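For reference, work-v6.txt is printed below; it contains compact mmCIF, C-alpha atoms and all ligand atoms.
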```txt
# COMPACT_ATOMS: atom_id res chain seq x y z
CA MET A 16 18.48 -34.52 42.22
CA SER A 17 20.04 -32.32 39.53
CA GLY A 18 19.18 -28.95 38.01
CA PHE A 19 21.41 -26.68 40.07
CA GLY A 20 24.81 -25.05 39.70
CA LYS A 21 28.22 -26.57 40.28
CA CYS A 22 28.72 -24.34 43.31
CA THR A 23 25.36 -23.59 44.87
CA VAL A 24 24.51 -21.67 48.03
CA ILE A 25 21.46 -22.78 50.00
CA VAL A 26 20.28 -19.81 52.03
CA GLY A 27 17.34 -19.27 54.38
CA CYS A 28 15.15 -16.35 53.28
CA GLN A 29 13.15 -15.75 56.46
CA TRP A 30 14.00 -16.03 60.18
CA GLY A 31 15.58 -19.47 59.91
CA ASP A 32 13.71 -22.77 60.28
CA GLU A 33 12.72 -22.68 56.60
CA GLY A 34 13.60 -26.33 56.11
CA LYS A 35 17.09 -25.84 54.66
CA GLY A 36 18.19 -29.16 56.16
CA LYS A 37 15.74 -31.10 54.03
CA ILE A 38 16.64 -29.19 50.84
CA VAL A 39 20.38 -29.67 51.45
CA ASP A 40 19.80 -33.36 52.16
CA VAL A 41 17.84 -33.83 48.92
CA LEU A 42 20.30 -31.88 46.76
CA ALA A 43 23.34 -33.46 48.43
CA GLU A 44 22.71 -36.61 46.44
CA GLY A 45 24.05 -34.75 43.41
CA VAL A 46 27.19 -33.19 44.93
CA ASP A 47 30.63 -34.16 46.22
CA ILE A 48 31.07 -31.63 49.03
CA VAL A 49 28.68 -29.86 51.43
CA ALA A 50 30.15 -27.01 53.48
CA ARG A 51 28.61 -24.97 56.31
CA TYR A 52 29.71 -21.33 56.20
CA GLN A 53 28.54 -19.66 59.43
CA GLY A 54 26.77 -20.09 62.75
CA GLY A 55 27.32 -22.92 65.15
CA ALA A 56 25.26 -25.12 67.41
CA ASN A 57 22.43 -22.55 67.35
CA ALA A 58 21.25 -24.20 64.13
CA GLY A 59 18.98 -27.22 64.16
CA HIS A 60 18.56 -28.88 60.79
CA THR A 61 15.96 -31.64 60.89
CA VAL A 62 16.25 -34.33 58.24
CA HIS A 63 14.09 -37.44 57.78
CA VAL A 64 15.55 -40.53 56.15
CA GLY A 65 12.99 -43.31 55.93
CA ASP A 66 11.49 -43.53 59.41
CA ASP A 67 14.56 -42.02 61.06
CA GLU A 68 14.79 -38.42 62.18
CA PHE A 69 18.17 -36.70 62.45
CA ILE A 70 18.65 -33.25 63.98
CA LEU A 71 21.98 -31.80 62.92
CA HIS A 72 23.39 -28.79 64.69
CA GLN A 73 26.89 -28.37 63.31
CA ILE A 74 27.67 -31.15 60.85
CA PRO A 75 26.28 -30.32 57.38
CA SER A 76 23.08 -32.09 56.35
CA GLY A 77 24.96 -33.77 53.47
CA ILE A 78 26.42 -36.23 55.98
CA LEU A 79 23.39 -38.50 55.55
CA HIS A 80 24.43 -39.25 51.96
CA GLU A 81 27.18 -41.83 51.85
CA GLY A 82 30.53 -40.63 50.61
CA ARG A 83 29.83 -36.89 50.59
CA ARG A 84 32.61 -34.83 52.15
CA CYS A 85 31.20 -32.42 54.78
CA LEU A 86 33.14 -29.33 55.76
CA LEU A 87 32.79 -26.68 58.44
CA GLY A 88 34.20 -23.44 57.08
CA ASN A 89 36.19 -20.72 58.79
CA GLY A 90 32.97 -18.70 59.28
CA VAL A 91 31.63 -21.26 61.74
CA VAL A 92 32.09 -20.99 65.52
CA LEU A 93 32.69 -24.57 66.50
CA ASP A 94 31.39 -25.90 69.80
CA ILE A 95 33.97 -28.64 70.16
CA VAL A 96 32.14 -30.69 72.84
CA GLN A 97 28.80 -30.63 71.08
CA PHE A 98 30.47 -31.26 67.73
CA PHE A 99 31.94 -34.57 68.92
CA GLN A 100 28.67 -35.53 70.64
CA GLU A 101 26.94 -35.09 67.29
CA PHE A 102 29.77 -36.84 65.45
CA ASP A 103 29.68 -39.86 67.79
CA ALA A 104 25.89 -40.04 67.79
CA LEU A 105 25.89 -40.21 63.97
CA ALA A 106 28.55 -42.93 64.05
CA GLU A 107 26.49 -44.90 66.58
CA ARG A 108 23.54 -44.72 64.21
CA GLY A 109 25.61 -46.37 61.51
CA ILE A 110 26.76 -43.34 59.50
CA ASP A 111 30.30 -43.90 58.24
CA LEU A 112 32.19 -40.66 58.89
CA THR A 113 35.68 -41.88 58.07
CA GLY A 114 37.53 -39.21 56.12
CA ARG A 115 34.27 -37.41 55.47
CA VAL A 116 34.32 -34.53 57.94
CA GLY A 117 36.72 -31.60 57.78
CA VAL A 118 36.94 -28.47 59.92
CA SER A 119 38.69 -25.31 58.81
CA ARG A 120 41.89 -24.53 60.69
CA ARG A 121 40.68 -20.91 60.61
CA ALA A 122 37.36 -21.66 62.34
CA HIS A 123 36.98 -20.18 65.82
CA LEU A 124 36.36 -22.40 68.80
CA LEU A 125 33.24 -21.84 70.84
CA LEU A 126 34.33 -22.73 74.36
CA PRO A 127 32.26 -23.31 77.52
CA TYR A 128 32.78 -19.75 78.75
CA HIS A 129 30.99 -18.43 75.66
CA ARG A 130 27.83 -20.25 76.70
CA LEU A 131 28.11 -18.86 80.22
CA MET A 132 28.55 -15.35 78.86
CA ASP A 133 25.60 -15.74 76.49
CA LYS A 134 23.27 -16.78 79.28
CA ALA A 135 24.56 -14.15 81.72
CA ALA A 136 24.29 -11.38 79.12
CA GLU A 137 20.72 -12.38 78.23
CA GLN A 138 19.67 -12.57 81.87
CA SER A 139 20.98 -9.12 82.65
CA ALA A 140 20.01 -7.40 79.39
CA ALA A 141 17.30 -4.76 79.49
CA GLU A 142 16.44 -5.70 75.91
CA LYS A 143 16.60 -9.44 75.42
CA ILE A 144 17.43 -10.96 72.05
CA GLY A 145 16.03 -14.37 72.88
CA THR A 146 19.24 -16.15 71.85
CA THR A 147 19.53 -19.92 71.71
CA GLY A 148 21.93 -19.73 74.68
CA ARG A 149 24.60 -21.59 72.69
CA GLY A 150 27.30 -18.93 73.15
CA ILE A 151 27.14 -17.68 69.57
CA GLY A 152 27.22 -13.92 70.22
CA PRO A 153 30.15 -14.03 72.68
CA ALA A 154 32.17 -16.33 70.37
CA TYR A 155 31.78 -13.93 67.44
CA GLU A 156 32.52 -11.00 69.77
CA ASP A 157 35.85 -12.63 70.64
CA LYS A 158 36.52 -13.23 66.95
CA ALA A 159 35.86 -9.59 66.02
CA GLY A 160 37.77 -8.44 69.12
CA ARG A 161 40.79 -10.51 67.99
CA ARG A 162 40.72 -12.49 71.21
CA GLY A 163 39.37 -15.70 69.74
CA VAL A 164 40.95 -19.15 69.79
CA ARG A 165 41.06 -20.90 66.43
CA VAL A 166 41.32 -24.54 65.48
CA ALA A 167 44.92 -23.93 64.32
CA ASP A 168 45.83 -22.79 67.86
CA LEU A 169 45.15 -26.32 69.14
CA GLY A 170 48.44 -27.34 67.53
CA ASN A 171 50.50 -25.01 69.69
CA ARG A 172 49.98 -25.79 73.39
CA PRO A 173 51.74 -22.73 74.92
CA ARG A 174 49.90 -20.34 72.61
CA LEU A 175 46.59 -22.10 73.26
CA GLU A 176 47.07 -21.97 77.02
CA SER A 177 47.99 -18.32 77.05
CA ARG A 178 45.06 -17.30 74.82
CA VAL A 179 42.61 -19.38 76.85
CA ALA A 180 43.98 -18.04 80.17
CA SER A 181 43.55 -14.44 79.13
CA ALA A 182 40.05 -15.16 77.76
CA MET A 183 39.09 -16.90 81.01
CA SER A 184 40.28 -14.08 83.24
CA ARG A 185 38.35 -11.59 81.12
CA VAL A 186 35.22 -13.74 81.26
CA CYS A 187 35.44 -14.20 85.03
CA GLU A 188 35.79 -10.44 85.46
CA ARG A 189 32.73 -9.82 83.29
CA LEU A 190 30.71 -12.49 85.06
CA ASP A 191 31.62 -10.93 88.40
CA ARG A 192 30.43 -7.55 87.14
CA LEU A 193 27.14 -9.15 86.08
CA GLY A 194 26.84 -10.59 89.59
CA GLN A 195 27.40 -14.18 88.43
CA GLY A 196 30.30 -16.45 89.27
CA ALA A 197 31.90 -18.80 86.76
CA GLY A 198 31.90 -21.65 89.30
CA THR A 199 34.07 -24.75 89.33
CA ASP A 200 31.98 -26.33 86.56
CA LEU A 201 33.65 -24.02 84.08
CA GLU A 202 37.14 -25.40 84.85
CA ARG A 203 35.86 -28.94 84.34
CA ALA A 204 34.04 -28.01 81.13
CA MET A 205 37.15 -26.31 79.79
CA GLU A 206 39.26 -29.38 80.53
CA GLU A 207 36.77 -31.56 78.71
CA ALA A 208 36.66 -29.20 75.70
CA LEU A 209 40.44 -28.88 75.38
CA SER A 210 40.97 -32.61 75.84
CA LEU A 211 39.23 -32.99 72.46
CA GLY A 212 41.77 -30.74 70.79
CA ASP A 213 43.92 -33.44 69.20
CA ARG A 214 40.86 -35.23 67.93
CA LEU A 215 39.70 -32.02 66.26
CA LEU A 216 43.13 -31.27 64.84
CA ALA A 217 43.05 -34.64 63.12
CA LEU A 218 40.00 -33.43 61.18
CA SER A 219 41.35 -29.98 60.44
CA CYS A 220 41.80 -28.78 56.87
CA ASP A 221 41.87 -25.66 54.76
CA THR A 222 38.38 -25.35 53.33
CA GLY A 223 39.07 -22.59 50.76
CA PRO A 224 41.79 -24.44 48.82
CA GLU A 225 40.01 -27.79 49.23
CA ILE A 226 36.74 -26.50 47.75
CA THR A 227 38.52 -24.51 45.04
CA ARG A 228 40.53 -27.55 43.92
CA ALA A 229 37.41 -29.70 43.96
CA LEU A 230 35.59 -27.20 41.74
CA ASP A 231 38.61 -27.03 39.40
CA ALA A 232 38.48 -30.80 39.12
CA GLY A 233 34.82 -30.65 38.07
CA GLN A 234 33.30 -31.64 41.41
CA ARG A 235 30.04 -30.18 42.68
CA VAL A 236 29.63 -28.26 45.93
CA LEU A 237 26.77 -27.07 48.13
CA LEU A 238 27.38 -24.21 50.55
CA GLU A 239 24.91 -24.60 53.40
CA GLY A 240 23.68 -21.55 55.32
CA ALA A 241 22.25 -21.61 58.81
CA GLN A 242 19.56 -19.30 60.27
CA GLY A 243 18.04 -16.94 57.68
CA THR A 244 18.32 -13.65 55.79
CA VAL A 245 16.50 -11.47 58.35
CA LEU A 246 18.72 -12.90 61.11
CA ASP A 247 21.84 -11.66 59.25
CA LEU A 248 24.02 -9.40 61.42
CA ASP A 249 24.12 -6.66 58.76
CA HIS A 250 20.89 -7.11 56.83
CA GLY A 251 18.50 -8.56 59.39
CA THR A 252 16.26 -7.05 62.03
CA TYR A 253 19.16 -5.71 64.10
CA PRO A 254 19.64 -6.11 67.05
CA PHE A 255 17.29 -9.14 67.02
CA VAL A 256 19.66 -11.10 64.80
CA THR A 257 22.37 -13.69 65.10
CA SER A 258 26.03 -12.62 65.06
CA SER A 259 27.11 -13.84 61.61
CA ASN A 260 26.42 -13.14 57.95
CA THR A 261 23.78 -15.67 57.08
CA THR A 262 23.21 -14.25 53.60
CA ALA A 263 24.72 -15.72 50.44
CA ALA A 264 27.73 -13.38 50.34
CA GLY A 265 28.75 -14.93 53.67
CA ALA A 266 29.25 -18.25 51.89
CA ALA A 267 32.43 -17.06 50.16
CA ILE A 268 33.84 -15.35 53.26
CA GLY A 269 32.84 -18.25 55.50
CA THR A 270 34.47 -20.99 53.43
CA GLY A 271 37.43 -19.16 51.89
CA ILE A 272 36.49 -19.43 48.22
CA GLY A 273 36.32 -16.51 45.82
CA PRO A 274 32.79 -15.11 45.32
CA THR A 275 33.03 -15.62 41.55
CA ARG A 276 33.12 -19.40 42.09
CA ILE A 277 29.47 -19.37 43.21
CA ASP A 278 27.15 -19.88 40.27
CA ASP A 279 23.74 -20.53 41.85
CA VAL A 280 21.93 -19.23 44.95
CA VAL A 281 18.83 -21.11 46.04
CA GLY A 282 16.67 -19.36 48.61
CA VAL A 283 14.59 -21.51 50.93
CA VAL A 284 11.22 -20.09 52.03
CA LYS A 285 8.52 -21.72 54.06
CA ALA A 286 5.05 -21.34 52.47
CA TYR A 287 4.22 -19.17 55.51
CA ILE A 288 6.62 -17.66 58.05
CA THR A 289 7.83 -18.29 61.59
CA ARG A 290 10.09 -16.63 64.10
CA VAL A 291 11.65 -17.83 67.32
CA GLY A 292 13.30 -15.43 69.77
CA GLU A 293 12.53 -11.76 70.34
CA GLY A 294 11.89 -9.08 67.73
CA PRO A 295 9.01 -8.05 65.48
CA LEU A 296 7.12 -10.42 63.19
CA PRO A 297 5.13 -8.07 60.91
CA THR A 298 2.79 -10.73 59.51
CA GLY A 299 2.21 -12.48 62.84
CA MET A 300 -1.15 -14.23 63.09
CA ASP A 301 -3.82 -13.66 65.73
CA GLN A 302 -3.51 -15.86 68.78
CA ALA A 303 -5.91 -18.63 67.72
CA MET A 304 -4.49 -18.90 64.18
CA ASP A 305 -0.92 -18.73 65.51
CA GLU A 306 -1.62 -21.70 67.79
CA HIS A 307 -3.36 -23.58 64.98
CA MET A 308 -0.42 -23.10 62.57
CA ARG A 309 2.10 -24.09 65.23
CA GLN A 310 0.29 -27.38 65.68
CA LEU A 311 -0.20 -27.95 61.93
CA GLY A 312 3.44 -27.22 61.14
CA GLY A 313 5.03 -28.66 64.31
CA GLU A 314 6.61 -25.26 64.81
CA PHE A 315 8.85 -25.81 67.81
CA GLY A 316 12.59 -25.03 67.74
CA ALA A 317 14.81 -27.99 66.79
CA THR A 318 17.59 -26.66 69.04
CA THR A 319 15.76 -25.19 72.02
CA GLY A 320 12.22 -26.64 71.73
CA ARG A 321 10.81 -23.10 72.01
CA PRO A 322 7.46 -22.49 70.31
CA ARG A 323 7.89 -20.55 67.07
CA ARG A 324 5.59 -17.60 66.37
CA CYS A 325 3.68 -18.07 63.12
CA GLY A 326 2.73 -15.60 60.41
CA TRP A 327 1.52 -15.31 56.82
CA PHE A 328 3.98 -15.37 53.91
CA ASP A 329 5.70 -11.99 53.80
CA SER A 330 6.75 -11.03 50.28
CA VAL A 331 8.36 -7.79 51.49
CA ILE A 332 10.89 -10.07 53.18
CA SER A 333 11.16 -12.60 50.36
CA ARG A 334 11.76 -9.77 47.82
CA PHE A 335 14.41 -8.35 50.12
CA ALA A 336 15.95 -11.82 50.37
CA ALA A 337 15.96 -12.14 46.56
CA GLN A 338 17.83 -8.85 46.30
CA VAL A 339 20.36 -9.24 49.11
CA ASN A 340 21.20 -12.86 48.27
CA GLY A 341 21.00 -12.49 44.47
CA LEU A 342 18.64 -15.45 44.37
CA THR A 343 18.56 -17.52 41.21
CA GLY A 344 15.74 -19.73 42.45
CA LEU A 345 13.46 -20.65 45.30
CA ALA A 346 12.72 -23.81 47.20
CA VAL A 347 9.31 -23.54 48.87
CA THR A 348 8.89 -25.83 51.87
CA LYS A 349 5.97 -27.04 53.98
CA LEU A 350 3.33 -26.30 51.33
CA ASP A 351 1.39 -29.27 52.73
CA VAL A 352 1.02 -27.51 56.10
CA LEU A 353 -1.46 -25.14 54.40
CA ASP A 354 -3.55 -28.01 52.97
CA THR A 355 -6.53 -27.61 55.33
CA LEU A 356 -6.81 -23.81 55.35
CA PRO A 357 -9.85 -22.35 53.55
CA GLU A 358 -8.07 -19.02 52.98
CA ILE A 359 -4.41 -18.04 52.91
CA LYS A 360 -3.08 -14.52 53.24
CA VAL A 361 0.07 -13.09 51.69
CA ALA A 362 1.58 -9.71 52.61
CA THR A 363 2.49 -7.68 49.52
CA ALA A 364 3.57 -4.40 51.20
CA TYR A 365 3.62 -2.58 54.54
CA THR A 366 1.60 0.46 55.59
CA MET A 367 3.94 2.55 57.72
CA PRO A 368 2.81 4.50 60.80
CA ASP A 369 2.78 7.75 58.70
CA GLY A 370 0.34 6.15 56.24
CA SER A 371 2.86 5.58 53.43
CA VAL A 372 2.91 2.18 51.76
CA VAL A 373 6.33 0.60 51.22
CA GLU A 374 7.40 -2.47 49.30
CA ASP A 375 11.05 -2.41 50.43
CA PHE A 376 11.98 -3.94 53.78
CA PRO A 377 12.52 -1.03 56.24
CA ALA A 378 15.90 -0.69 57.96
CA ASP A 379 14.36 0.59 61.21
CA THR A 380 13.60 -2.61 63.11
CA TRP A 381 11.37 -0.88 65.64
CA SER A 382 9.10 0.52 62.92
CA LEU A 383 8.25 -3.09 62.03
CA GLY A 384 6.36 -3.34 65.30
CA ASP A 385 4.01 -0.54 64.16
CA ILE A 386 3.44 -1.35 60.51
CA VAL A 387 0.24 -2.86 59.14
CA PRO A 388 0.79 -5.43 56.38
CA VAL A 389 -1.13 -5.03 53.13
CA TYR A 390 -2.64 -8.47 52.57
CA GLU A 391 -4.18 -10.23 49.65
CA THR A 392 -6.24 -13.33 50.34
CA HIS A 393 -5.98 -16.52 48.32
CA PRO A 394 -8.47 -19.37 48.33
CA GLY A 395 -7.05 -22.52 49.92
CA TRP A 396 -7.04 -25.89 48.13
CA GLU A 397 -8.41 -27.92 51.05
CA CYS A 398 -6.99 -31.25 49.96
CA SER A 399 -3.77 -33.11 50.60
CA THR A 400 -0.67 -32.22 48.58
CA ALA A 401 1.52 -34.76 50.41
CA GLY A 402 1.45 -37.23 47.51
CA ALA A 403 2.22 -34.69 44.77
CA ARG A 404 5.45 -35.40 42.87
CA THR A 405 4.99 -33.10 39.88
CA LEU A 406 3.53 -29.65 39.52
CA ALA A 407 0.57 -31.14 37.64
CA ASP A 408 -0.27 -33.24 40.73
CA LEU A 409 -0.92 -30.07 42.75
CA PRO A 410 -4.45 -28.64 42.97
CA PRO A 411 -4.95 -25.49 40.84
CA ASN A 412 -5.23 -23.20 43.88
CA ALA A 413 -1.88 -24.45 45.22
CA ARG A 414 -0.30 -23.81 41.82
CA SER A 415 -1.70 -20.27 41.70
CA TYR A 416 -0.42 -19.70 45.23
CA LEU A 417 3.10 -20.74 44.17
CA ASP A 418 2.87 -18.61 41.00
CA ARG A 419 2.02 -15.62 43.15
CA LEU A 420 4.90 -16.22 45.60
CA GLU A 421 7.25 -16.44 42.62
CA GLU A 422 5.88 -13.24 41.07
CA LEU A 423 6.01 -11.26 44.32
CA THR A 424 9.50 -12.51 45.22
CA GLY A 425 11.02 -12.14 41.77
CA ALA A 426 12.75 -15.53 41.68
CA PRO A 427 11.56 -18.75 40.04
CA VAL A 428 10.27 -21.60 42.20
CA ARG A 429 12.49 -24.62 41.46
CA TRP A 430 11.54 -27.03 44.23
CA VAL A 431 8.45 -27.50 46.37
CA SER A 432 8.54 -29.67 49.47
CA VAL A 433 5.26 -31.28 50.51
CA GLY A 434 6.31 -33.36 53.51
CA THR A 435 9.27 -34.39 55.62
CA LYS A 436 10.29 -37.45 53.57
CA ARG A 437 13.05 -37.28 50.95
CA SER A 438 10.60 -38.38 48.28
CA GLN A 439 8.12 -35.62 49.11
CA ILE A 440 9.60 -33.04 46.79
CA ILE A 441 8.60 -31.61 43.45
CA GLN A 442 11.27 -30.42 41.06
CA LEU A 443 10.07 -27.85 38.55
P1 LIG A 501 21.83 -16.72 68.68
O1 LIG A 501 22.19 -17.07 67.28
O2 LIG A 501 21.74 -17.88 69.59
O3 LIG A 501 22.71 -15.63 69.23
O4 LIG A 501 20.35 -16.10 68.68
C1 LIG A 501 20.06 -14.85 68.04
C2 LIG A 501 18.68 -14.90 67.39
O5 LIG A 501 18.71 -15.81 66.30
C3 LIG A 501 17.56 -15.39 68.31
O6 LIG A 501 16.36 -14.74 67.93
C4 LIG A 501 17.45 -16.86 67.97
O7 LIG A 501 16.18 -17.40 68.26
C5 LIG A 501 17.70 -16.81 66.48
N1 LIG A 501 18.24 -18.06 65.94
C6 LIG A 501 19.49 -18.54 66.07
N2 LIG A 501 19.62 -19.71 65.43
C7 LIG A 501 18.43 -19.98 64.88
C8 LIG A 501 17.95 -21.03 64.05
O8 LIG A 501 18.67 -21.97 63.68
N3 LIG A 501 16.65 -20.95 63.67
C9 LIG A 501 15.85 -19.91 64.02
N4 LIG A 501 16.25 -18.90 64.78
C10 LIG A 501 17.54 -18.92 65.20
```
Is it possible to express this structure as structure tokens?
Amino acid sequence: MSGFGKCTVIVGCQWGDEGKGKIVDVLAEGVDIVARYQGGANAGHTVHVGDDEFILHQIPSGILHEGRRCLLGNGVVLDIVQFFQEFDALAERGIDLTGRVGVSRRAHLLLPYHRLMDKAAEQSAAEKIGTTGRGIGPAYEDKAGRRGVRVADLGNRPRLESRVASAMSRVCERLDRLGQGAGTDLERAMEEALSLGDRLLALSCDTGPEITRALDAGQRVLLEGAQGTVLDLDHGTYPFVTSSNTTAAGAAIGTGIGPTRIDDVVGVVKAYITRVGEGPLPTGMDQAMDEHMRQLGGEFGATTGRPRRCGWFDSVISRFAAQVNGLTGLAVTKLDVLDTLPEIKVATAYTMPDGSVVEDFPADTWSLGDIVPVYETHPGWECSTAGARTLADLPPNARSYLDRLEELTGAPVRWVSVGTKRSQIIQL
């Protein structure tokens, strides 16, 4: 697959689960390096190769293309135990990983106590976020609080031990205050995690200089985002967000390259919308339709198995995503999931509680629970799009639907995915 920039960011434009894994996998054929720039094992990127299904949590989706170098940038919080489980599982399935995976020496380690803290904090919180329970928030808290342990620290045993000891005593204190003990399992889990240190060090690298040199030498790079725009810590539906910058600007910070090296930003949108975890979903469907869409789209979390809430395409959000990410193009996924619907709604604006109509995404998250979307209704196409390989193969109503998404979002549609297989993609 060609037709994209030398250094391209792939960013989710909704609440995650847009199908970024498939888009990265398809585009990875045409690049040399794929680098993840934020998040951790909260992500679940599902990729189908032939009849095989792979769910990747931390290793970039490019790993399924032979020879591509896959990097985890400094913006990632690396769950060392789960990382090697994923690594070994891929190797067992015949993927050659030799020399192909690199982890930034500046990346922070997500250690077993972060998971404990995540679960304890959620259990005791008056206002739950509905996290994935993977320890993401506490790991980024330690990073921002300058208490974190980084991959580079694994090379200095005394420093590592002292940083881990002070983190552990702080965690145990906090767990006590929350009325939960750390238990002996934590000691064992920590031993297991740290015993993998040398193995991780052997993969460590400096992602910024490596990517920069590769670009200078004419190589091509994909920067792979996890989660989505409205889960961004700064720009999303705070506090119902993840703890990193998921948006395109995070790609430079999270890999260590200069922002001017990025020359293309592809936003991935599902042809409708879903959300998992707490927080408002303005275009949420009524109960029966929500259930119907969940079944049609198989909308269950790839990481936690939780049912995703379903809604109509929200162009207030996609326009916001175009602006905040500086989108140069769109990849629309799961168009085929809409194949059987007689009518499809699209939100064009929001009516606020005071009666005003807004087209810009409101900053006040709580107001989103009280807004009424302004919908337009499109006729469905009521036939299968799964076999379409060119735009001309799509039924006219599907083409008009895509034209409208493009117009409302303000970014050109460049790819349309019509199924889980690699071949089920239309390049415009
Ligand atoms: P955390 O990232 O586990 O702290 O979860 C914070 C919020 O982000 C919760 O609403 C999660 O459901 C959501 N979230 C985190 N990762 C993903 C993802 O990969 N897809 C969709 N939602 C996610």
message: Residues within 9 Å of (20.6, -10.8, 68.4), file coordinates, counting all atoms listed in the file: what are they? Give the list as a PyMOL selection string.
response: chain A and resi 143-146+152+246+248+252-258+292-294
- request: Would you list the contacts of segment 370-377 of chain A as a ChimeraX atom specification, taking every protein, DNA or RNA residue within 9 Å and counting only C-alpha atoms, but skipping same-chain residues closer than 2 positions in sequence?
  value: /A:330-332,334-335,363-368,379-380,382-383,389
message: Show me which residues line ligand LIG 501 (chain A), defined as having an atom within 9 Å of a ligand atom where only C-alpha atoms and all ligand atoms count, and present them as JSON, numbers by chain.
response: {"A": [30, 31, 32, 33, 54, 55, 56, 57, 58, 59, 60, 72, 133, 144, 145, 146, 147, 148, 149, 150, 151, 152, 153, 241, 242, 243, 246, 247, 254, 255, 256, 257, 258, 259, 289, 290, 291, 292, 293, 294, 316, 317, 318, 319, 321, 323]}
Residues near Gly395 of chain A, cut-off 9 Å, all atoms listed in the file, skip fewer than 6 positions along chain, as a PyMOL selection string: chain A and resi 353-359+412-413+416
Atom CA of Ala362 of chain A to atom CA of Trp327 of chain A, straight-line distance in Å: 7.0 Å
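Each of A:Ile288, A:Ala104, A:Val41, A:Leu125 was checked against Trp430 of chain A using only C-alpha atoms; the smallest atom-to-atom distance is that of A:Val41.
Distances to Ser415 of chain A were evaluated for A:Phe19, A:Gly170, A:His393, A:Ala403 using all atoms listed in the file, and the minimum falls at A:His393.
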Per residue of segment 158-235 of chain A within 12 Å of segment 86-89 of chain A, note the shortest atom pair and the distance in Å to one decimal, counting all atoms listed in the file, and order the rows by chain and increasing residue number, as a tab-separated table.
```
residue	atom	partner	partner_atom	distance
A:Lys158	CA	A:Asn89	CA	11.1
A:Arg165	CA	A:Asn89	CA	9.1
A:Val166	CA	A:Asn89	CA	9.3
A:Ala167	CA	A:Asn89	CA	10.8
A:Leu215	CA	A:Leu87	CA	11.7
A:Leu218	CA	A:Leu86	CA	9.7
A:Ser219	CA	A:Leu87	CA	9.4
A:Cys220	CA	A:Leu86	CA	8.7
A:Asp221	CA	A:Gly88	CA	8.3
A:Thr222	CA	A:Gly88	CA	5.9
A:Gly223	CA	A:Gly88	CA	8.0
A:Pro224	CA	A:Gly88	CA	11.3
A:Glu225	CA	A:Leu86	CA	9.6
A:Ile226	CA	A:Leu86	CA	9.2
```
Test item: residues at most 8 Å from Asn340 of chain A, only C-alpha atoms, excluding those fewer than 6 positions along its chain, as number ranges by chain: A: 26, 262-264, 280, 282
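Near Gly163 of chain A, within 9 Å and counting only C-alpha atoms, sit His123, Leu124, Leu125, Ala154, Tyr155, Glu156, Asp157, Lys158, Ala159, Gly160, Arg178, Val179 and Ala182 of chain A; same-chain residues fewer than 3 positions away were not included.
Take atom CA of Thr400 of chain A and atom CA of Phe69 of chain A: the distance between them is 23.8 Å.
Candidate residues A:Ser438, A:Thr348, A:Thr261, A:Gln310 were compared for distance to Gly34 of chain A, and the nearest is A:Thr348, using only C-alpha atoms.
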- prompt: At what distance in Å, to one decimal, does atom CA of Gln442 of chain A lie from atom CA of Gly77 of chain A?
  reply: 18.8 Å
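Among the candidates A:Pro274, A:Pro322, A:Ile440, A:Gly434, the one nearest to Glu306 of chain A when counting only C-alpha atoms is A:Pro322.
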- request: For Thr23 of chain A, list every protein, DNA or RNA residue within 10 Å, evaluated using only C-alpha atoms, and leave out those in the same chain fewer than 6 positions away; present the list as a PyMOL selection string.
  value: chain A and resi 42+46+49+235-239+263+266+276-281+343
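When all atoms listed in the file are used to compute distances to Ile110 of chain A, the closest of the residues A:Glu81, A:Asp385, A:Asp351, A:Glu421 turns out to be A:Glu81.
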Report, as JSON, the centre and edge lengths in Å (one decimal) of the axis-aligned box enclosing every listed atom of segment 398-408 of chain A, padded by 8 Å on each side.
```
{"center_x": -0.8, "center_y": -33.4, "center_z": 44.1, "size_x": 28.4, "size_y": 23.6, "size_z": 29.0}
```
Quick one: segment 33-38 of chain A with N, CA, C and O atoms, as a short mmCIF file (atom, residue, chain, number, x, y, z; two decimals), in the frame of the given file?
```cif
data_model
loop_
_atom_site.label_atom_id
_atom_site.label_comp_id
_atom_site.auth_asym_id
_atom_site.auth_seq_id
_atom_site.Cartn_x
_atom_site.Cartn_y
_atom_site.Cartn_z
N GLU A 33 13.47 -22.60 57.85
CA GLU A 33 12.72 -22.68 56.60
C GLU A 33 12.69 -24.11 56.06
O GLU A 33 11.97 -24.39 55.09
N GLY A 34 13.52 -24.97 56.64
CA GLY A 34 13.60 -26.33 56.11
C GLY A 34 14.81 -26.50 55.20
O GLY A 34 14.80 -27.32 54.28
N LYS A 35 15.86 -25.74 55.48
CA LYS A 35 17.09 -25.84 54.66
C LYS A 35 17.69 -27.24 54.75
O LYS A 35 18.24 -27.75 53.78
N GLY A 36 17.60 -27.84 55.94
CA GLY A 36 18.19 -29.16 56.16
C GLY A 36 17.65 -30.16 55.17
O GLY A 36 18.40 -30.92 54.55
N LYS A 37 16.34 -30.15 54.98
CA LYS A 37 15.74 -31.10 54.03
C LYS A 37 16.20 -30.80 52.60
O LYS A 37 16.53 -31.73 51.85
N ILE A 38 16.24 -29.53 52.22
CA ILE A 38 16.64 -29.19 50.84
C ILE A 38 18.11 -29.59 50.61
O ILE A 38 18.45 -30.18 49.59
#
```
